[in-house]
file my_file-v8.cif (mmCIF, C-alpha atoms)
data_my_file
loop_
_atom_site.label_atom_id
_atom_site.label_comp_id
_atom_site.auth_asym_id
_atom_site.auth_seq_id
_atom_site.Cartn_x
_atom_site.Cartn_y
_atom_site.Cartn_z
CA MET V 614 -96.67 -22.60 -40.11
CA ARG V 615 -97.74 -21.25 -36.75
CA THR V 616 -95.75 -23.95 -34.94
CA ARG V 617 -92.64 -23.10 -36.92
CA SER V 618 -92.80 -19.37 -36.06
CA SER V 619 -93.40 -20.22 -32.41
CA LEU V 620 -90.34 -22.44 -32.39
CA VAL V 621 -88.23 -19.71 -33.99
CA ALA V 622 -89.48 -17.19 -31.43
CA LEU V 623 -88.64 -19.59 -28.59
CA GLY V 624 -85.19 -20.18 -30.05
CA VAL V 625 -84.49 -16.44 -30.26
CA LEU V 626 -85.76 -15.98 -26.71
CA ALA V 627 -83.52 -18.78 -25.48
CA LEU V 628 -80.49 -17.17 -27.12
CA VAL V 629 -81.29 -13.79 -25.60
CA LEU V 630 -81.77 -15.24 -22.14
CA THR V 631 -78.58 -17.26 -22.40
CA GLY V 632 -76.63 -14.06 -22.93
CA CYS V 633 -78.15 -12.55 -19.78
CA SER V 634 -76.51 -14.58 -17.09
CA THR V 635 -75.79 -13.30 -13.61
CA GLU V 636 -72.16 -12.61 -14.55
CA ALA V 637 -72.11 -9.15 -16.10
CA GLY V 638 -68.41 -9.05 -16.85
CA PRO V 639 -65.50 -7.75 -14.86
CA LYS V 640 -66.42 -6.13 -11.60
CA ALA V 641 -65.58 -2.48 -11.05
CA ARG V 642 -62.67 -1.92 -8.75
CA PRO V 643 -63.35 0.18 -5.71
CA GLY V 644 -61.73 3.62 -5.71
CA ALA V 645 -58.52 4.23 -3.84
CA GLY V 646 -60.49 6.12 -1.23
CA ASP V 647 -59.17 8.35 1.48
CA PRO V 648 -55.55 7.49 2.27
CA GLY V 649 -56.12 8.53 5.89
CA PRO V 650 -54.06 10.61 8.29
CA ASP V 651 -50.97 8.35 8.14
CA ALA V 652 -50.44 9.13 4.45
CA LEU V 653 -51.21 12.82 4.90
CA PRO V 654 -47.62 14.15 5.06
CA THR V 655 -46.81 12.43 1.76
CA LYS V 656 -50.00 13.73 0.14
CA LEU V 657 -49.32 17.28 1.33
CA GLU V 658 -45.75 17.10 0.05
CA ALA V 659 -46.99 16.08 -3.37
CA LEU V 660 -49.61 18.84 -3.45
CA SER V 661 -47.06 21.46 -2.45
CA ALA V 662 -44.92 20.56 -5.48
CA ASP V 663 -47.73 21.50 -7.89
CA SER V 664 -47.38 24.81 -9.75
CA CYS V 665 -50.92 25.70 -8.69
CA PHE V 666 -49.53 25.74 -5.14
CA THR V 667 -46.13 27.31 -5.80
CA ALA V 668 -47.30 30.04 -8.19
CA PRO V 669 -51.09 30.40 -7.94
CA GLN V 670 -51.00 33.99 -9.19
CA SER V 671 -49.69 32.92 -12.59
CA GLN V 672 -51.82 29.81 -13.21
CA ARG V 673 -54.87 29.50 -15.43
CA PRO V 674 -57.59 28.55 -12.93
CA SER V 675 -59.07 26.00 -15.34
CA GLY V 676 -55.70 24.23 -15.37
CA CYS V 677 -55.82 23.75 -11.60
CA GLU V 678 -59.07 21.80 -11.42
CA LYS V 679 -57.44 18.46 -10.55
CA TYR V 680 -55.15 20.10 -7.98
CA VAL V 681 -58.11 21.80 -6.28
CA THR V 682 -59.99 18.50 -6.19
CA GLU V 683 -57.00 16.75 -4.61
CA VAL V 684 -56.60 19.54 -2.03
CA GLY V 685 -60.31 19.28 -1.22
CA ASN V 686 -59.96 15.53 -0.73
CA ALA V 687 -56.92 15.99 1.52
CA SER V 688 -58.89 18.41 3.67
CA GLY V 689 -61.09 15.55 4.85
CA SER V 690 -58.00 13.69 6.09
CA VAL V 691 -56.82 16.84 7.86
CA HIS V 692 -60.16 17.14 9.67
CA LYS V 693 -59.89 13.46 10.69
CA LEU V 694 -56.36 13.97 11.97
CA ALA V 695 -57.39 17.07 13.91
CA LYS V 696 -60.13 15.09 15.63
CA SER V 697 -58.20 11.85 16.14
CA GLY V 698 -56.59 12.65 19.48
CA LYS V 699 -58.07 12.86 22.95
CA THR V 700 -58.77 16.54 22.33
CA ILE V 701 -59.45 18.24 19.04
CA ASN V 702 -56.51 20.07 17.48
CA GLN V 703 -58.49 23.24 16.87
CA PRO V 704 -55.80 25.19 14.97
CA LEU V 705 -55.36 22.30 12.52
CA ASP V 706 -59.11 21.86 12.15
CA ASP V 707 -59.49 25.61 11.54
CA ASP V 708 -56.84 25.46 8.80
CA ALA V 709 -58.67 22.55 7.17
CA THR V 710 -61.85 24.65 7.29
CA ALA V 711 -59.93 27.49 5.59
CA ILE V 712 -59.05 25.03 2.80
CA ASP V 713 -62.70 24.02 2.54
CA ARG V 714 -63.76 27.66 2.20
CA ALA V 715 -61.13 28.44 -0.46
CA VAL V 716 -61.97 25.29 -2.44
CA GLY V 717 -65.66 26.22 -2.15
CA ALA V 718 -64.91 29.73 -3.42
CA PHE V 719 -62.99 28.28 -6.39
CA ARG V 720 -65.80 25.92 -7.31
CA GLY V 721 -68.57 28.40 -6.55
CA ALA V 722 -67.08 30.96 -8.92
CA GLY V 723 -66.95 28.40 -11.74
CA CYS V 724 -63.16 28.61 -11.89
CA THR V 725 -62.86 25.22 -13.57
CA THR V 726 -63.77 26.96 -16.84
CA VAL V 727 -61.86 30.23 -16.33
CA ALA V 728 -58.79 30.49 -18.54
CA GLN V 729 -57.74 34.02 -17.55
CA VAL V 730 -55.33 34.68 -14.70
CA GLY V 731 -56.53 37.12 -12.07
CA GLY V 732 -59.72 37.96 -10.26
CA GLY V 733 -61.57 35.84 -7.76
CA CYS V 734 -60.30 32.54 -9.13
CA THR V 735 -56.66 33.51 -8.69
CA LYS V 736 -57.49 34.78 -5.19
CA ALA V 737 -59.11 31.43 -4.39
CA LEU V 738 -55.97 29.60 -5.61
CA SER V 739 -53.81 31.89 -3.46
CA ASP V 740 -56.06 31.27 -0.45
CA ILE V 741 -55.81 27.51 -1.03
CA SER V 742 -52.02 27.81 -1.18
CA LEU V 743 -51.84 29.82 2.05
CA ALA V 744 -54.16 27.46 3.94
CA LEU V 745 -52.32 24.41 2.60
CA THR V 746 -49.02 25.91 3.79
CA GLU V 747 -50.45 26.27 7.30
CA VAL V 748 -51.82 22.72 7.28
CA LYS V 749 -48.55 21.29 6.02
CA GLN V 750 -46.55 23.02 8.78
CA LYS V 751 -48.89 21.78 11.50
CA VAL V 752 -49.04 18.22 10.15
CA ASN V 753 -45.23 18.09 9.90
CA GLN V 754 -44.97 19.33 13.50
CA LEU V 755 -47.34 16.60 14.62
CA ALA V 756 -45.31 14.01 12.71
CA THR V 757 -42.08 15.02 14.43
CA THR V 758 -43.56 15.36 17.93
CA GLY V 759 -46.00 12.43 17.73
#
call {"tool": "encode", "arguments": {"input": "my_file-v8.cif", "output": "structure tokens"}}
result
Amino acid sequence: MRTRSSLVALGVLALVLTGCSTEAGPKARPGAGDPGPDALPTKLEALSADSCFTAPQSQRPSGCEKYVTEVGNASGSVHKLAKSGKTINQPLDDDATAIDRAVGAFRGAGCTTVAQVGGGCTKALSDISLALTEVKQKVNQLATTG
């Protein structure tokens, strides 16, 4: 009887181990990542079409969470572009820092859960819009003169 239960236990163990091969299924795809400075004009154009950009004073802050995240991601590309030449483009880098501050204010105030228009969250959206406008103008100037 003992031999039989040992054989059953070994059989179950073999089945379990067979299912645990080194192949764990499909591999996760890497994220799209930072599109880089070359794609920046296109990214900024898309962001400036969002209603959170065009009319920040009338948007529910919680509805702008994805937009704010995308703007924050674009800011990194703006910093890279500002530092990519022989000398740093300080005005462009300063505008990217203004975006960082406004995005930080939005997140710091918990605006992703605020459904009411007005107050600090609407101010943060307006500040993001103003800074993004400045960045877009400077990036477009670089694109036409570069």
call {"tool": "resolve_selection", "arguments": {"input": "my_file-v8.cif", "expression": "the PyMOL selection byres ((chain V and resi 728-744) around 10)", "output": "ChimeraX atom specification"}}
result
/V:660-661,665-677,680-681,684-685,707-727,745-749
call {"tool": "write_last_selection", "arguments": {"input": "my_file-v8.cif", "atoms": "C-alpha atoms", "output": "short mmCIF file (atom, residue, chain, number, x, y, z; two decimals), keeping the file's coordinate frame"}}
result
data_model
loop_
_atom_site.label_atom_id
_atom_site.label_comp_id
_atom_site.auth_asym_id
_atom_site.auth_seq_id
_atom_site.Cartn_x
_atom_site.Cartn_y
_atom_site.Cartn_z
CA LEU V 660 -49.61 18.84 -3.45
CA SER V 661 -47.06 21.46 -2.45
CA CYS V 665 -50.92 25.70 -8.69
CA PHE V 666 -49.53 25.74 -5.14
CA THR V 667 -46.13 27.31 -5.80
CA ALA V 668 -47.30 30.04 -8.19
CA PRO V 669 -51.09 30.40 -7.94
CA GLN V 670 -51.00 33.99 -9.19
CA SER V 671 -49.69 32.92 -12.59
CA GLN V 672 -51.82 29.81 -13.21
CA ARG V 673 -54.87 29.50 -15.43
CA PRO V 674 -57.59 28.55 -12.93
CA SER V 675 -59.07 26.00 -15.34
CA GLY V 676 -55.70 24.23 -15.37
CA CYS V 677 -55.82 23.75 -11.60
CA TYR V 680 -55.15 20.10 -7.98
CA VAL V 681 -58.11 21.80 -6.28
CA VAL V 684 -56.60 19.54 -2.03
CA GLY V 685 -60.31 19.28 -1.22
CA ASP V 707 -59.49 25.61 11.54
CA ASP V 708 -56.84 25.46 8.80
CA ALA V 709 -58.67 22.55 7.17
CA THR V 710 -61.85 24.65 7.29
CA ALA V 711 -59.93 27.49 5.59
CA ILE V 712 -59.05 25.03 2.80
CA ASP V 713 -62.70 24.02 2.54
CA ARG V 714 -63.76 27.66 2.20
CA ALA V 715 -61.13 28.44 -0.46
CA VAL V 716 -61.97 25.29 -2.44
CA GLY V 717 -65.66 26.22 -2.15
CA ALA V 718 -64.91 29.73 -3.42
CA PHE V 719 -62.99 28.28 -6.39
CA ARG V 720 -65.80 25.92 -7.31
CA GLY V 721 -68.57 28.40 -6.55
CA ALA V 722 -67.08 30.96 -8.92
CA GLY V 723 -66.95 28.40 -11.74
CA CYS V 724 -63.16 28.61 -11.89
CA THR V 725 -62.86 25.22 -13.57
CA THR V 726 -63.77 26.96 -16.84
CA VAL V 727 -61.86 30.23 -16.33
CA LEU V 745 -52.32 24.41 2.60
CA THR V 746 -49.02 25.91 3.79
CA GLU V 747 -50.45 26.27 7.30
CA VAL V 748 -51.82 22.72 7.28
CA LYS V 749 -48.55 21.29 6.02
#
call {"tool": "closest_residue", "arguments": {"input": "my_file-v8.cif", "among": "V:Ala756, V:Asn686, V:Gln703, V:Lys751", "to": "V:Asp651", "atoms": "all atoms listed in the file"}}
result
V:Ala756
call {"tool": "atom_distance", "arguments": {"input": "my_file-v8.cif", "atom1": "atom CA of V:Gln754", "atom2": "atom CA of V:Thr700"}}
result
16.6 Å
call {"tool": "atom_distance", "arguments": {"input": "my_file-v8.cif", "atom1": "atom CA of V:Asp706", "atom2": "atom CA of V:His692"}}
result
5.4 Å
